[in-house]
2 protein chains.
Amino acid sequence: MPLERLFDPASIAVIGASATPGKIGYEAMRNVQAFDGEVFPVNPSGDGEVFGHEFVPSVDDIETAPDLALLCVPAAAVPDIVEECGEAGVGGAVIFAGGFAETGDDGAELQDRLIEAAEASGVDLLGPNTSGFLVPGDDLYATFTTDLETIPSGNLAIVAQSGGLSYALGFRAQNIDVGVSAMVGLGNRATTGFTEAIEYFDADEQTDTILLHVEGTADARALLATCESVETPVVAYHVGEQDVGDFAESHTGALTGEYELYQAGFEQYGVPTVRSCAELIDAGTALANCPEPDGPNVGVVTAQAGPGIAITDQLKAAGANLPSLTAETQDVVEDILPGITFAENPVDTGRPMPEFGEVIGAVARDENIDIVLVYELYEAALGYPVEDLESVVEAVDKPIVFASGGPESILDEELPKLEAIGVPTYRTPERGADAAAGLVQYAVRNAPPEAAGAQVEVRADD
Amino acid sequence: MPLERLFDPASIAVIGASATPGKIGYEAMRNVQAFDGEVFPVNPSGDGEVFGHEFVPSVDDIETAPDLALLCVPAAAVPDIVEECGEAGVGGAVIFAGGFAETGDDGAELQDRLIEAAEASGVDLLGPNTSGFLVPGDDLYATFTTDLETIPSGNLAIVAQSGGLSYALGFRAQNIDVGVSAMVGLGNRATTGFTEAIEYFDADEQTDTILLHVEGTADARALLATCESVETPVVAYHVGEQDVGDFAESHTGALTGEYELYQAGFEQYGVPTVRSCAELIDAGTALANCPEPDGPNVGVVTAQAGPGIAITDQLKAAGANLPSLTAETQDVVEDILPGITFAENPVDTGRPMPEFGEVIGAVARDENIDIVLVYELYEAALGYPVEDLESVVEAVDKPIVFASGGPESILDEELPKLEAIGVPTYRTPERGADAAAGLVQYAVRNAPPEAAGAQVEVRADD
């Protein structure tokens, strides 16, 4: 598989390895200590050992060529070293150094030389100007930054144009106990761009959803075509609605721009778009852990009216459709809770009650409903309707997402019970709405607007 | 002070008190156990004690009239009991029961009778159709819901139209270690509406910012005039951009609507508006804990470009102005960090470094800058620039907010050091941008658009 030696190596060379703490060549060595494969510190002036590995003077001197090389050397030295790597049989190289296309004409020329060297010698590059990548499930931390081992392993692949933003995403995930299959900063995308990375993680068995951060690329249409072609759900955080001037260009050598083109393309191909790191992960966990929605119609069940109204407002702003429940479902709900506060859609039970899970089940079974969003404040005497929901999840093949509020320590204990039965959970009303909005936008893949009456209705509402 | 006996009582009667767990009259008794004042369970059919307090048959039988009565009785009985309370000398009453204006004509008539009784007898009402209020600093939990004691005491007053949403806000605050001075669900606002509550918390010494949740009110102009007149910053979460149909009316008897009128009014009077519970608290903590901004001009300092671009994009979308730094400041920054990645505004140091705090100081001292927003990924070898920032905070009287990312356990330990010197902290880039956007919107109070060239420029940018 392309990029396999880069992202799933059996052995790693750290070129420019150093025994001096603070140097990138030292930090990278420290980070690969947990890796369960051979590690070679490469430095012609290296002497003795670093982290128990003996220095080798050159990548040539390693008997079996390592799959991956981490290049901890200045920009000017990079093209030649990549050439050496290729000659030695290295498969992939991470280029940490900046000073390429993001810095102007001289840098762009250096980057062209680098690409030439890589292509001539068959080495796949990550970067340059990247902080690298990590695969927590393989204890693989191909980066020079610290404190990454707390980011848990999971099923979301983060593919970010910016390394800094990939860390912001990874730590946000860690902070809310969400795991990642990989976290990649693409940097200048010399040979590994969005297309190559998305296709790799589409084929990756650990990845159930790809989270994309995009500032801009010279070929937006190729990126959009890739999003259309892959099987794995993709969610996009596309920065650059506003003019951020030449700041963006100074960063990864790419202009932000063509915002509307991206947004229209993402919408057309069922790529949910978000406006923050938090939303990107929230929409991603819903797509990664729920059955695919057959259509964009959301049924909202709430135990408190105020949060229910906030959710409804936000869902409608995101273009969701909240169809009426069938007369049959409304009768079932009235049977369960005679005199219920509000039994259309949203269904509002007024407060948590033992029958709450049954009401969710009735809405989830409704033929008008493709996606169910629940809000319930935690109430100690009742707990969450885990048993009811378990049988609903088994009976209907629809996404059900659950938003709640309550004391942190109780939520930490109780919400994982819902996660365990395939119901993603969110700790504010609006985060639940963001997650459901992601499912709604994704549903275009299964219910194209021209075929879906309900979707047309959404547009008429706008 | 008006409403003082309601919100700051010395003694409480629970009318309809019960010894049966699960009943509202029992739950309310349990919640007032922590209260440091006299508590009287009132029930003509009560026998013996509940939570160590002896039942009294009627509020009349209490020797010194309690300041506050919590009415745990059905709607139909409420007007007469309020009248009794007034005759006995009670100052305020919380009406938990629903079944008033939110349910139709009969309910509206009952609510009119209730208002008449309250006004005739001088009792201030909270509700009806409310879950009550709490003041954590006084161990006062005037509500029937559970698990509220984890919500910490602090300087934000939550005034929510919906009780359910007030809980969502309170628990969000608790989950991110933010404290509240009070948390109030207004419900049907029979006599205590937005105006009365805002004026009360404006005068409350524990409150530094008021967080408002609004679905709608018959007199939007009165609400806006109150927001204009008070000294304490107000932030508004106004739900109802979209048509949520008759669901909202079924809730607190108020129609959402006139969204544009509210938004324009809030903008004019320097009331920042937000779109979620999380944003409401984030903007609130910035306003409550920073000096007031003199104007809307933001200086962004980032140690990572990607998050810096995301922040800039979001700030500009919120209408913020990012002026150029003075030539003098740019020289200072270049002196501190020769060859810095990007030294205009944003200032991008490329990665965390020992001089990062000095750079923040240079930007904070710039005469073009009113508000400083910092993003820095946590790096163990450096920590946060607490000492540098402490001297900056003392030297410049400007808001400085700090967004960061990193492992939860490290952030839990390190970020409070910034909080302690008056720098509010946020754990994703965009949450920092939301907080700064709140400060920008508030700055209209100190720099009206007609007087501020920079503000005019913002508008030309839109």
# chains A, B, ... in the order shown; residues from 1 in each chain; ligands from 1
>>> residues_around(residues="B:Gly164", least_positions_apart="2", cutoff="10 Å", atoms="only C-alpha atoms", output="list in words")
Ala303, Gln304, Ala305, Gly306, Pro307, Gly308, Gly350, Arg351, Glu376, Leu377 and Gly405 of chain A; Thr130, Ser131, Ala160, Gln161, Ser162, Ser166, Tyr167, Ala168, Leu169, Gly170, Gly185 and Gly187 of chain B
>>> select_by_dssp(residues="stretch 161-276 of chain B", states="helix (DSSP H, G or I)", output="ChimeraX atom specification")
/B:163-175,194-203,220-229,245-247,249-252,259-268
>>> write_last_selection(atoms="C-alpha atoms", output="short mmCIF file (atom, residue, chain, number, x, y, z; two decimals), in the first residue's frame")
data_model
loop_
_atom_site.label_atom_id
_atom_site.label_comp_id
_atom_site.auth_asym_id
_atom_site.auth_seq_id
_atom_site.Cartn_x
_atom_site.Cartn_y
_atom_site.Cartn_z
CA GLY B 163 -34.43 26.32 34.28
CA GLY B 164 -33.19 23.38 32.23
CA LEU B 165 -30.78 25.64 30.39
CA SER B 166 -29.60 27.21 33.64
CA TYR B 167 -28.54 23.72 34.74
CA ALA B 168 -26.82 23.03 31.42
CA LEU B 169 -24.89 26.28 32.02
CA GLY B 170 -24.15 25.56 35.67
CA PHE B 171 -22.78 22.11 34.93
CA ARG B 172 -20.76 23.37 31.98
CA ALA B 173 -19.24 25.91 34.39
CA GLN B 174 -18.52 23.17 36.92
CA ASN B 175 -17.00 20.93 34.28
CA PHE B 194 -35.11 39.90 33.04
CA THR B 195 -35.06 43.54 34.15
CA GLU B 196 -35.57 42.82 37.84
CA ALA B 197 -33.04 39.97 37.87
CA ILE B 198 -30.38 41.87 35.92
CA GLU B 199 -30.74 44.90 38.22
CA TYR B 200 -30.48 42.69 41.29
CA PHE B 201 -27.27 41.00 40.14
CA ASP B 202 -25.86 44.30 38.89
CA ALA B 203 -25.98 45.41 42.53
CA ALA B 220 -37.62 43.26 24.23
CA ARG B 221 -36.98 47.00 24.44
CA ALA B 222 -37.21 46.99 28.24
CA LEU B 223 -34.70 44.15 28.40
CA LEU B 224 -32.32 46.02 26.08
CA ALA B 225 -32.73 49.27 28.04
CA THR B 226 -31.83 47.41 31.23
CA CYS B 227 -28.73 45.97 29.58
CA GLU B 228 -27.73 49.49 28.59
CA SER B 229 -28.29 50.96 32.05
CA GLY B 245 -42.50 26.70 15.95
CA ASP B 246 -44.89 26.43 18.87
CA PHE B 247 -42.41 24.35 20.86
CA GLU B 249 -44.49 28.78 23.41
CA SER B 250 -45.25 25.47 25.11
CA HIS B 251 -42.25 26.06 27.30
CA THR B 252 -42.23 29.33 29.24
CA TYR B 259 -34.16 37.93 16.58
CA GLU B 260 -32.70 40.79 14.57
CA LEU B 261 -34.09 43.40 16.96
CA TYR B 262 -32.41 41.69 19.89
CA GLN B 263 -29.12 41.21 18.06
CA ALA B 264 -28.99 44.84 16.95
CA GLY B 265 -29.83 46.06 20.43
CA PHE B 266 -27.29 43.84 22.13
CA GLU B 267 -24.64 44.98 19.68
CA GLN B 268 -25.45 48.64 20.20
#
>>> residues_around(residues="B:Gln206", least_positions_apart="3", cutoff="9 Å", atoms="only C-alpha atoms", output="list in words")
Gly137, Gly154, Asn155, Leu156, Ala157, Val180, Ser181, Ala182, Phe201 and Ala203 of chain B
>>> residues_around(residues="B:Asp80", least_positions_apart="2", cutoff="12 Å", atoms="only C-alpha atoms", output="tab-separated table (two decimals) with C-alpha atoms, in the first residue's frame")
chain	number	residue	atom	x	y	z
B	71	LEU	CA	-43.94	26.49	46.98
B	73	VAL	CA	-47.79	22.64	45.69
B	74	PRO	CA	-49.96	22.16	42.58
B	75	ALA	CA	-50.68	25.16	40.35
B	76	ALA	CA	-54.30	25.58	41.41
B	77	ALA	CA	-53.33	26.14	45.05
B	78	VAL	CA	-50.57	28.64	44.30
B	82	VAL	CA	-49.02	33.32	47.87
B	83	GLU	CA	-51.74	35.48	49.43
B	84	GLU	CA	-51.28	33.68	52.76
B	85	CYS	CA	-47.53	34.17	52.46
B	86	GLY	CA	-48.00	37.87	51.90
B	87	GLU	CA	-50.32	38.19	54.89
B	110	LEU	CA	-54.41	31.41	36.77
B	111	GLN	CA	-51.12	33.29	36.24
B	113	ARG	CA	-54.62	35.66	39.57
B	114	LEU	CA	-51.17	34.75	40.90
B	115	ILE	CA	-49.66	38.08	39.85
B	116	GLU	CA	-52.58	39.92	41.45
B	117	ALA	CA	-52.09	38.00	44.70
B	118	ALA	CA	-48.34	38.65	44.68
B	120	ALA	CA	-51.44	42.85	46.51
B	121	SER	CA	-49.44	41.15	49.23
>>> select_by_dssp(residues="stretch 131-337 of chain A", states="strand (DSSP E or B)", output="ChimeraX atom specification")
/A:132-135,140-143,153-160,180-185,209-214,234-238,273-274,297-302,321
>>> closest_residue(among="A:Glu355, A:Asp177, A:Asp61, A:Glu328", to="chain B", atoms="only C-alpha atoms")
A:Asp177
>>> atom_distance(atom1="atom CA of A:Ile400", atom2="atom CA of A:Val374")
7.6 Å
>>> closest_residue(among="B:Ala190, B:Ala93, B:Met1, B:Ile281", to="chain A", atoms="only C-alpha atoms")
B:Ile281
>>> residues_around(residues="B:Asn368", least_positions_apart="2", cutoff="8 Å", atoms="only C-alpha atoms", output="mmCIF file with C-alpha atoms, in the first residue's frame")
data_model
loop_
_atom_site.group_PDB
_atom_site.id
_atom_site.type_symbol
_atom_site.label_atom_id
_atom_site.label_comp_id
_atom_site.auth_asym_id
_atom_site.auth_seq_id
_atom_site.Cartn_x
_atom_site.Cartn_y
_atom_site.Cartn_z
ATOM 1 C CA ASN B 297 -8.461 46.200 18.631
ATOM 2 C CA PRO B 323 -4.591 46.504 13.510
ATOM 3 C CA SER B 324 -0.947 46.592 12.512
ATOM 4 C CA LEU B 325 1.436 46.950 15.417
ATOM 5 C CA THR B 326 3.347 50.220 15.603
ATOM 6 C CA ASP B 366 1.403 48.621 21.832
ATOM 7 C CA ASP B 370 -6.723 47.075 23.357
#
>>> closest_residue(among="A:Gly284, A:Pro354, A:Gly91, A:Pro346", to="chain B", atoms="only C-alpha atoms")
A:Pro346
>>> residues_around(residues="B:Gly299", least_positions_apart="6", cutoff="7 Å", atoms="only C-alpha atoms", output="list in words")
Leu322, Asn345, Pro346, Val363, Ile369, Ile371, Val372 and Leu373 of chain B
>>> write_last_selection(atoms="N, CA and C atoms", output="tab-separated table (two decimals), in the first residue's frame")
chain	number	residue	atom	x	y	z
B	322	LEU	N	-7.90	43.57	13.75
B	322	LEU	CA	-6.51	43.26	14.12
B	322	LEU	C	-5.62	44.30	13.46
B	345	ASN	N	0.62	41.37	12.80
B	345	ASN	CA	-0.42	41.00	13.75
B	345	ASN	C	-1.33	40.07	13.00
B	346	PRO	N	-1.33	38.78	13.35
B	346	PRO	CA	-0.71	38.10	14.48
B	346	PRO	C	0.83	38.14	14.46
B	363	VAL	N	3.57	43.31	22.59
B	363	VAL	CA	2.28	43.50	21.92
B	363	VAL	C	1.28	44.16	22.87
B	369	ILE	N	-3.21	48.47	20.39
B	369	ILE	CA	-3.83	47.22	20.86
B	369	ILE	C	-4.62	47.44	22.15
B	371	ILE	N	-6.76	44.65	23.35
B	371	ILE	CA	-7.04	43.30	23.87
B	371	ILE	C	-5.96	42.36	23.32
B	372	VAL	N	-5.42	41.50	24.17
B	372	VAL	CA	-4.38	40.57	23.71
B	372	VAL	C	-4.88	39.14	23.82
B	373	LEU	N	-4.74	38.40	22.73
B	373	LEU	CA	-5.11	36.98	22.72
B	373	LEU	C	-3.85	36.18	22.40
